[in-house]
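What follows is the content of target_22.txt (compact mmCIF, C-alpha atoms).
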```txt
# COMPACT_ATOMS: atom_id res chain seq x y z
CA MET A 1 -25.62 4.62 1.06
CA THR A 2 -24.31 7.61 -0.82
CA ALA A 3 -24.74 7.56 -4.56
CA PRO A 4 -23.30 9.54 -7.46
CA GLY A 5 -24.48 13.10 -7.67
CA PRO A 6 -23.29 16.50 -8.93
CA HIS A 7 -22.64 17.93 -5.46
CA LEU A 8 -21.55 14.84 -3.56
CA GLN A 9 -18.98 15.68 -0.87
CA PRO A 10 -17.82 13.63 2.11
CA ASP A 11 -19.22 14.65 5.49
CA PRO A 12 -16.15 15.43 7.66
CA ASN A 13 -18.21 14.77 10.80
CA ARG A 14 -19.48 11.37 9.72
CA GLN A 15 -18.54 8.60 12.17
CA TYR A 16 -17.87 5.04 11.02
CA ARG A 17 -17.72 1.78 12.93
CA TYR A 18 -14.76 0.19 11.16
CA TYR A 19 -12.78 2.98 9.48
CA GLU A 20 -10.17 3.20 12.26
CA PHE A 21 -9.71 -0.58 12.23
CA VAL A 22 -9.06 -0.61 8.49
CA MET A 23 -6.61 2.27 8.97
CA ALA A 24 -4.77 0.36 11.70
CA ALA A 25 -4.62 -2.77 9.54
CA PHE A 26 -3.26 -0.79 6.58
CA VAL A 27 -0.50 0.83 8.65
CA ALA A 28 0.40 -2.45 10.38
CA VAL A 29 0.72 -4.35 7.10
CA TYR A 30 2.77 -1.58 5.53
CA LEU A 31 5.19 -1.38 8.46
CA CYS A 32 5.60 -5.15 8.72
CA SER A 33 6.15 -5.63 5.00
CA ASN A 34 8.88 -2.98 5.00
CA LEU A 35 10.58 -3.74 8.32
CA ILE A 36 10.30 -7.53 8.47
CA GLY A 37 9.98 -8.88 4.94
CA PRO A 38 12.88 -7.18 3.09
CA ALA A 39 15.51 -8.62 5.43
CA LYS A 40 14.92 -12.16 4.17
CA ALA A 41 15.44 -13.70 0.75
CA ALA A 42 13.10 -16.68 0.50
CA GLN A 43 12.95 -19.52 -2.00
CA LEU A 44 10.05 -21.77 -2.95
CA THR A 45 9.98 -24.62 -5.42
CA LEU A 46 6.93 -24.29 -7.67
CA PRO A 47 5.60 -27.35 -9.51
CA GLY A 48 6.51 -27.18 -13.18
CA TRP A 49 8.61 -24.08 -12.61
CA GLY A 50 11.37 -24.92 -10.19
CA PRO A 51 13.03 -22.83 -7.46
CA VAL A 52 11.89 -19.20 -7.24
CA THR A 53 13.81 -16.72 -5.07
CA PHE A 54 12.09 -13.57 -3.86
CA GLY A 55 12.11 -10.98 -1.11
CA ALA A 56 9.76 -12.19 1.62
CA GLY A 57 8.07 -8.80 1.80
CA VAL A 58 6.51 -9.35 -1.63
CA LEU A 59 4.00 -11.72 0.00
CA PHE A 60 2.56 -9.04 2.25
CA PHE A 61 3.27 -5.62 0.76
CA PRO A 62 0.47 -6.01 -1.86
CA VAL A 63 -1.98 -6.44 1.02
CA SER A 64 -1.50 -2.74 1.78
CA TYR A 65 -2.77 -2.03 -1.73
CA ILE A 66 -5.78 -4.24 -1.06
CA PHE A 67 -6.59 -2.19 2.05
CA GLY A 68 -6.07 0.95 -0.03
CA ASP A 69 -8.60 -0.36 -2.55
CA VAL A 70 -11.09 -1.14 0.22
CA LEU A 71 -10.69 2.31 1.77
CA THR A 72 -11.17 4.17 -1.50
CA GLU A 73 -14.04 1.96 -2.66
CA VAL A 74 -16.04 2.29 0.57
CA TYR A 75 -14.99 5.57 2.20
CA GLY A 76 -13.71 7.59 -0.77
CA TYR A 77 -10.39 9.07 -1.84
CA ALA A 78 -10.23 11.78 0.84
CA ARG A 79 -10.41 9.32 3.73
CA ALA A 80 -8.04 6.92 1.98
CA ARG A 81 -5.64 9.87 1.62
CA ARG A 82 -5.61 10.36 5.39
CA VAL A 83 -4.71 6.70 5.88
CA ILE A 84 -1.89 6.88 3.31
CA TRP A 85 -0.43 9.85 5.18
CA ALA A 86 -0.75 7.94 8.46
CA GLY A 87 1.23 5.06 6.95
CA PHE A 88 3.82 7.45 5.54
CA ALA A 89 4.32 9.15 8.92
CA ALA A 90 4.47 5.81 10.74
CA MET A 91 7.16 4.54 8.37
CA ILE A 92 9.28 7.67 8.87
CA PHE A 93 9.02 7.28 12.65
CA ALA A 94 9.83 3.54 12.48
CA SER A 95 12.84 4.21 10.24
CA VAL A 96 14.23 6.88 12.59
CA MET A 97 13.61 4.63 15.57
CA ALA A 98 15.37 1.68 13.89
CA ALA A 99 18.35 3.85 12.94
CA VAL A 100 18.73 5.16 16.49
CA ILE A 101 18.47 1.72 18.08
CA VAL A 102 20.93 0.16 15.60
CA ALA A 103 23.38 3.00 16.26
CA LEU A 104 23.30 2.60 20.04
CA PRO A 105 26.46 0.88 21.29
CA PRO A 106 25.74 -2.73 22.27
CA ALA A 107 26.18 -3.82 25.86
CA PRO A 108 29.28 -5.89 26.68
CA GLY A 109 28.55 -9.56 26.15
CA TRP A 110 25.61 -8.96 23.79
CA THR A 111 26.68 -10.60 20.54
CA ASN A 112 23.63 -10.04 18.36
CA GLN A 113 24.56 -6.61 16.97
CA PRO A 114 25.55 -7.91 13.48
CA ALA A 115 22.26 -9.78 13.10
CA TYR A 116 20.35 -6.73 14.33
CA GLU A 117 22.11 -4.51 11.78
CA ILE A 118 21.24 -6.92 8.97
CA ALA A 119 17.57 -7.03 9.98
CA PHE A 120 16.99 -3.36 10.79
CA GLY A 121 19.95 -1.44 9.42
CA SER A 122 18.59 -0.40 6.02
CA THR A 123 20.48 2.45 4.40
CA TRP A 124 18.74 5.80 4.14
CA ARG A 125 18.84 5.48 0.36
CA ILE A 126 16.67 2.36 0.54
CA VAL A 127 14.38 3.92 3.15
CA GLY A 128 13.99 7.04 1.01
CA ALA A 129 13.26 4.94 -2.06
CA SER A 130 10.64 2.98 -0.15
CA LEU A 131 8.93 6.13 1.12
CA CYS A 132 8.93 7.77 -2.30
CA ALA A 133 7.61 4.66 -4.04
CA PHE A 134 4.92 4.10 -1.39
CA PHE A 135 3.75 7.71 -1.48
CA CYS A 136 3.43 7.84 -5.26
CA GLY A 137 2.19 4.28 -5.78
CA GLU A 138 -0.54 4.40 -3.14
CA PHE A 139 -1.91 7.74 -4.28
CA VAL A 140 -1.91 6.65 -7.92
CA ASN A 141 -3.67 3.43 -6.92
CA SER A 142 -6.33 5.30 -4.96
CA PHE A 143 -6.83 7.94 -7.67
CA VAL A 144 -7.22 5.38 -10.47
CA LEU A 145 -9.71 3.31 -8.48
CA ALA A 146 -11.78 6.36 -7.55
CA ARG A 147 -11.95 7.59 -11.14
CA MET A 148 -12.74 4.12 -12.51
CA LYS A 149 -15.57 3.76 -9.99
CA VAL A 150 -17.26 6.94 -11.15
CA LYS A 151 -16.70 6.10 -14.82
CA SER A 152 -18.16 2.60 -14.44
CA ASN A 153 -20.97 3.80 -12.13
CA GLY A 154 -19.79 1.34 -9.49
CA ARG A 155 -19.90 -1.78 -11.65
CA HIS A 156 -17.16 -4.41 -12.05
CA LEU A 157 -15.25 -3.97 -8.80
CA TRP A 158 -12.63 -6.51 -9.91
CA GLN A 159 -11.66 -4.35 -12.88
CA ARG A 160 -10.83 -1.34 -10.76
CA THR A 161 -9.11 -3.22 -7.91
CA ILE A 162 -6.85 -5.08 -10.32
CA GLY A 163 -6.50 -2.17 -12.77
CA SER A 164 -5.59 0.34 -10.07
CA THR A 165 -3.11 -2.12 -8.56
CA ILE A 166 -1.42 -2.66 -11.92
CA VAL A 167 -0.89 1.09 -12.26
CA GLY A 168 -0.02 1.71 -8.59
CA GLU A 169 2.36 -1.24 -8.26
CA GLY A 170 3.90 -0.31 -11.61
CA VAL A 171 4.69 3.18 -10.31
CA ASP A 172 5.96 1.71 -7.03
CA SER A 173 8.35 -0.75 -8.70
CA ALA A 174 9.51 1.75 -11.33
CA LEU A 175 10.52 4.21 -8.58
CA PHE A 176 11.81 1.97 -5.81
CA TYR A 177 14.40 -0.17 -7.57
CA PRO A 178 16.23 2.55 -9.55
CA ILE A 179 16.24 4.96 -6.59
CA ALA A 180 17.37 2.28 -4.13
CA PHE A 181 19.85 0.27 -6.20
CA TRP A 182 20.94 1.98 -9.43
CA ASN A 183 24.75 2.27 -9.37
CA SER A 184 24.68 1.21 -5.70
CA GLY A 185 26.92 -1.81 -6.14
CA LEU A 186 24.37 -3.96 -4.26
CA ILE A 187 22.56 -5.20 -7.37
CA PRO A 188 24.09 -5.07 -10.87
CA ASN A 189 22.28 -2.51 -13.00
CA GLU A 190 21.59 -5.04 -15.74
CA LEU A 191 19.64 -7.25 -13.30
CA LEU A 192 17.31 -4.50 -12.10
CA PRO A 193 14.76 -4.67 -14.97
CA GLY A 194 14.26 -8.40 -14.46
CA ILE A 195 13.91 -8.02 -10.69
CA MET A 196 11.46 -5.15 -11.14
CA LEU A 197 9.34 -7.21 -13.54
CA THR A 198 9.33 -10.26 -11.25
CA GLN A 199 8.34 -8.21 -8.21
CA PHE A 200 5.65 -6.35 -10.17
CA VAL A 201 4.09 -9.53 -11.54
CA SER A 202 4.21 -11.18 -8.11
CA LYS A 203 2.49 -8.25 -6.41
CA VAL A 204 -0.27 -8.05 -9.02
CA ALA A 205 -0.75 -11.83 -8.75
CA VAL A 206 -1.34 -11.47 -5.01
CA GLU A 207 -4.00 -8.84 -5.73
CA VAL A 208 -5.71 -11.17 -8.20
CA LEU A 209 -5.65 -14.09 -5.74
CA PHE A 210 -7.14 -11.92 -3.00
CA THR A 211 -9.94 -10.55 -5.21
CA PRO A 212 -12.66 -12.84 -3.77
CA LEU A 213 -11.69 -11.78 -0.24
CA THR A 214 -11.65 -8.12 -1.31
CA TYR A 215 -15.22 -8.52 -2.58
CA LYS A 216 -16.34 -9.95 0.76
CA ILE A 217 -14.65 -7.20 2.81
CA VAL A 218 -16.04 -4.42 0.60
CA ALA A 219 -19.55 -5.86 0.70
CA PHE A 220 -19.42 -6.24 4.48
CA LEU A 221 -18.18 -2.70 5.06
CA LYS A 222 -20.68 -1.13 2.68
CA ARG A 223 -23.52 -2.85 4.52
CA ALA A 224 -22.15 -2.15 8.00
CA GLU A 225 -21.22 1.49 7.34
CA HIS A 226 -24.15 2.33 5.04
CA GLU A 227 -21.57 3.94 2.79
CA ASP A 228 -20.55 3.54 -0.84
CA HIS A 229 -18.73 6.73 -1.71
CA TYR A 230 -18.33 8.11 -5.24
CA ASP A 231 -15.59 10.71 -5.78
CA VAL A 232 -17.49 13.03 -8.09
CA ASN A 233 -16.32 16.46 -6.93
CA THR A 234 -13.25 15.35 -5.00
CA ASP A 235 -10.07 17.41 -4.80
CA PHE A 236 -7.48 14.75 -5.66
CA THR A 237 -4.41 16.60 -4.42
CA PRO A 238 -2.32 14.23 -2.32
CA PHE A 239 -1.01 17.14 -0.21
CA SER A 240 -3.88 17.35 2.23
CA ILE A 241 -5.42 15.37 5.06
CA ARG A 242 -8.78 17.13 4.96
CA VAL A 243 -11.92 15.15 4.28
```

Could you show the structure in this file as structure tokens?
Amino acid sequence: MTAPGPHLQPDPNRQYRYYEFVMAAFVAVYLCSNLIGPAKAAQLTLPGWGPVTFGAGVLFFPVSYIFGDVLTEVYGYARARRVIWAGFAAMIFASVMAAVIVALPPAPGWTNQPAYEIAFGSTWRIVGASLCAFFCGEFVNSFVLARMKVKSNGRHLWQRTIGSTIVGEGVDSALFYPIAFWNSGLIPNELLPGIMLTQFVSKVAVEVLFTPLTYKIVAFLKRAEHEDHYDVNTDFTPFSIRV
């Protein structure tokens, strides 16, 4: 395993057994949470609380942050940065693809166009807000976790996974809802702060609930990869895909 040191740098030629699988899982979760979840408003009745309405994507979008935590904790910020860019590029491609397919004229007799537009016809304002919030939130999450790991000398994993998620999800929510909905007529402006707070708390709660699983995944990968990277001399610019 790598350990903290004054000249520690990632080896760009190092090969890992599971890195590509974690990358694929991260991108898949991100795409599904943005393309499938937002189209449905769900409601659950919680004991002692009553009915709670929420966007279905809130159940799965935080999982992308969990994968981001795992990537940074095991492989380091630079390799996590490559995965974030992969997710960003995949979402742009998926958004363009969805827009083109929705815009294609439906065949005579095919009556599902309205449902298709509801499911996949997000406005470019919402897509842009999602991309901006994801880009900033994920990089903040990864940066905070990497710095906390060095500062704590690798102790108390739960503090940095939850702490980085609080900051990253806070940035994500603070950017997405105003950019997507302020003065849009879709959601009254006065309701946005409450929705932002509910979504933020829900996403952090998912991170907390998944903490035991995060511990198991991190421990497994560190053993399997013989890697436990510390970002001591890392260049934290987000505008690079170099390791």

Contacts of A:Cys136 within 10 Å, all atoms listed in the file, excl. fewer than 3 positions in-chain, as a count of residues only: 12

Two-atom distance - atom CA of A:Ser202, atom CA of A:Pro62 (Å):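 Between atom CA of A:Ser202 and atom CA of A:Pro62 the gap works out to 8.9 Å.
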
With 8 Å as the cut-off and only C-alpha atoms counted, what is the closest atom pair between each nearby residue of stretch 57-175 of chain A and stretch 24-32 of chain A? Distances in Å to one decimal, ordered by chain and number, as CSV.
```
residue,atom,partner,partner_atom,distance
A:Phe60,CA,A:Val29,CA,7.0
A:Phe61,CA,A:Tyr30,CA,6.3
A:Val63,CA,A:Val29,CA,7.0
A:Ser64,CA,A:Phe26,CA,5.5
A:Phe67,CA,A:Phe26,CA,5.8
A:Gly68,CA,A:Phe26,CA,7.4
A:Val83,CA,A:Phe26,CA,7.7
A:Ala86,CA,A:Val27,CA,7.1
A:Gly87,CA,A:Val27,CA,4.9
A:Ala90,CA,A:Val27,CA,7.3
A:Met91,CA,A:Leu31,CA,6.2
A:Ala94,CA,A:Leu31,CA,7.9
```

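You can rank A:Trp85, A:Phe134, A:Trp182, A:Phe239 by their closest distance to A:Gly170 using only C-alpha atoms, and at the top of that list sits A:Phe134.
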
Env of A:Lys222: 9 Å cut, atoms = only C-alpha atoms, seq-sep filter 5 positions within chain, self excluded. Answer as an mmCIF file with C-alpha atoms, keeping the file's coordinate frame.
```
data_model
loop_
_atom_site.group_PDB
_atom_site.id
_atom_site.type_symbol
_atom_site.label_atom_id
_atom_site.label_comp_id
_atom_site.auth_asym_id
_atom_site.auth_seq_id
_atom_site.Cartn_x
_atom_site.Cartn_y
_atom_site.Cartn_z
ATOM 1 C CA MET A 1 -25.620 4.620 1.060
ATOM 2 C CA VAL A 74 -16.040 2.290 0.570
ATOM 3 C CA TYR A 75 -14.990 5.570 2.200
ATOM 4 C CA ILE A 217 -14.650 -7.200 2.810
ATOM 5 C CA GLU A 227 -21.570 3.940 2.790
ATOM 6 C CA ASP A 228 -20.550 3.540 -0.840
#
```

Edge lengths and centre in Å to one decimal, as JSON, of the axis-aligned box that encloses all listed atoms of stretch 198-206 of chain A with 8 Å added on every side?
```
{"center_x": 4.0, "center_y": -9.1, "center_z": -8.3, "size_x": 26.7, "size_y": 21.5, "size_z": 22.5}
```

Point (2.9, -10.1, -1.8) neighbourhood (12 Å, all atoms listed in the file) written as an MDAnalysis selection string: chainID A and resid 29:30 32:34 37:38 54:66 169 198:210

Gap from atom CA of A:Glu138 to atom CA of A:Ile84 - Å, one decimal: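 So the answer is 7.0 Å.
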
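By chain and then residue number, the residues within 9 Å of A:Asp235 are Tyr77, Ala78 and Asp231 of chain A, counting only C-alpha atoms and disregarding those fewer than 4 positions away in sequence.
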
Just to be explicit: take each residue in the selection above, keep C-alpha atoms, and write the result as a CSV table (one decimal), in the coordinates of the input.
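Below is the file that was written, out-v5.csv:
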```csv
chain,number,residue,atom,x,y,z
A,77,TYR,CA,-10.4,9.1,-1.8
A,78,ALA,CA,-10.2,11.8,0.8
A,231,ASP,CA,-15.6,10.7,-5.8
```

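Residue nearest A:Asp11 within the list A:Arg242, A:Glu117, A:Met196, A:His156: A:Arg242 [criterion: smallest interatomic distance, only C-alpha atoms].
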
Kindly provide, as a CSV table (one decimal) with C-alpha atoms, in the coordinates of the input, the polymer residues lying within 12 Å of (-16.9, 6.3, -1.6), counting only C-alpha atoms and using the coordinates exactly as they appear in the file.
```csv
chain,number,residue,atom,x,y,z
A,1,MET,CA,-25.6,4.6,1.1
A,2,THR,CA,-24.3,7.6,-0.8
A,3,ALA,CA,-24.7,7.6,-4.6
A,4,PRO,CA,-23.3,9.5,-7.5
A,5,GLY,CA,-24.5,13.1,-7.7
A,8,LEU,CA,-21.6,14.8,-3.6
A,9,GLN,CA,-19.0,15.7,-0.9
A,10,PRO,CA,-17.8,13.6,2.1
A,11,ASP,CA,-19.2,14.6,5.5
A,69,ASP,CA,-8.6,-0.4,-2.6
A,70,VAL,CA,-11.1,-1.1,0.2
A,71,LEU,CA,-10.7,2.3,1.8
A,72,THR,CA,-11.2,4.2,-1.5
A,73,GLU,CA,-14.0,2.0,-2.7
A,74,VAL,CA,-16.0,2.3,0.6
A,75,TYR,CA,-15.0,5.6,2.2
A,76,GLY,CA,-13.7,7.6,-0.8
A,77,TYR,CA,-10.4,9.1,-1.8
A,78,ALA,CA,-10.2,11.8,0.8
A,79,ARG,CA,-10.4,9.3,3.7
A,80,ALA,CA,-8.0,6.9,2.0
A,142,SER,CA,-6.3,5.3,-5.0
A,143,PHE,CA,-6.8,7.9,-7.7
A,145,LEU,CA,-9.7,3.3,-8.5
A,146,ALA,CA,-11.8,6.4,-7.6
A,147,ARG,CA,-12.0,7.6,-11.1
A,148,MET,CA,-12.7,4.1,-12.5
A,149,LYS,CA,-15.6,3.8,-10.0
A,150,VAL,CA,-17.3,6.9,-11.2
A,153,ASN,CA,-21.0,3.8,-12.1
A,154,GLY,CA,-19.8,1.3,-9.5
A,218,VAL,CA,-16.0,-4.4,0.6
A,221,LEU,CA,-18.2,-2.7,5.1
A,222,LYS,CA,-20.7,-1.1,2.7
A,225,GLU,CA,-21.2,1.5,7.3
A,226,HIS,CA,-24.2,2.3,5.0
A,227,GLU,CA,-21.6,3.9,2.8
A,228,ASP,CA,-20.6,3.5,-0.8
A,229,HIS,CA,-18.7,6.7,-1.7
A,230,TYR,CA,-18.3,8.1,-5.2
A,231,ASP,CA,-15.6,10.7,-5.8
A,232,VAL,CA,-17.5,13.0,-8.1
A,233,ASN,CA,-16.3,16.5,-6.9
A,234,THR,CA,-13.2,15.4,-5.0
A,243,VAL,CA,-11.9,15.2,4.3
```

Contact residues around A:Trp158 with only C-alpha atoms at 10 Å, ignoring same-chain residues under 6 positions, as a PyMOL selection string: chain A and resi 164+207-208+211-212+214-215

Atom CA of A:Arg155 to atom CA of A:Arg223, distance in Å rounded to a single decimal: 16.6 Å
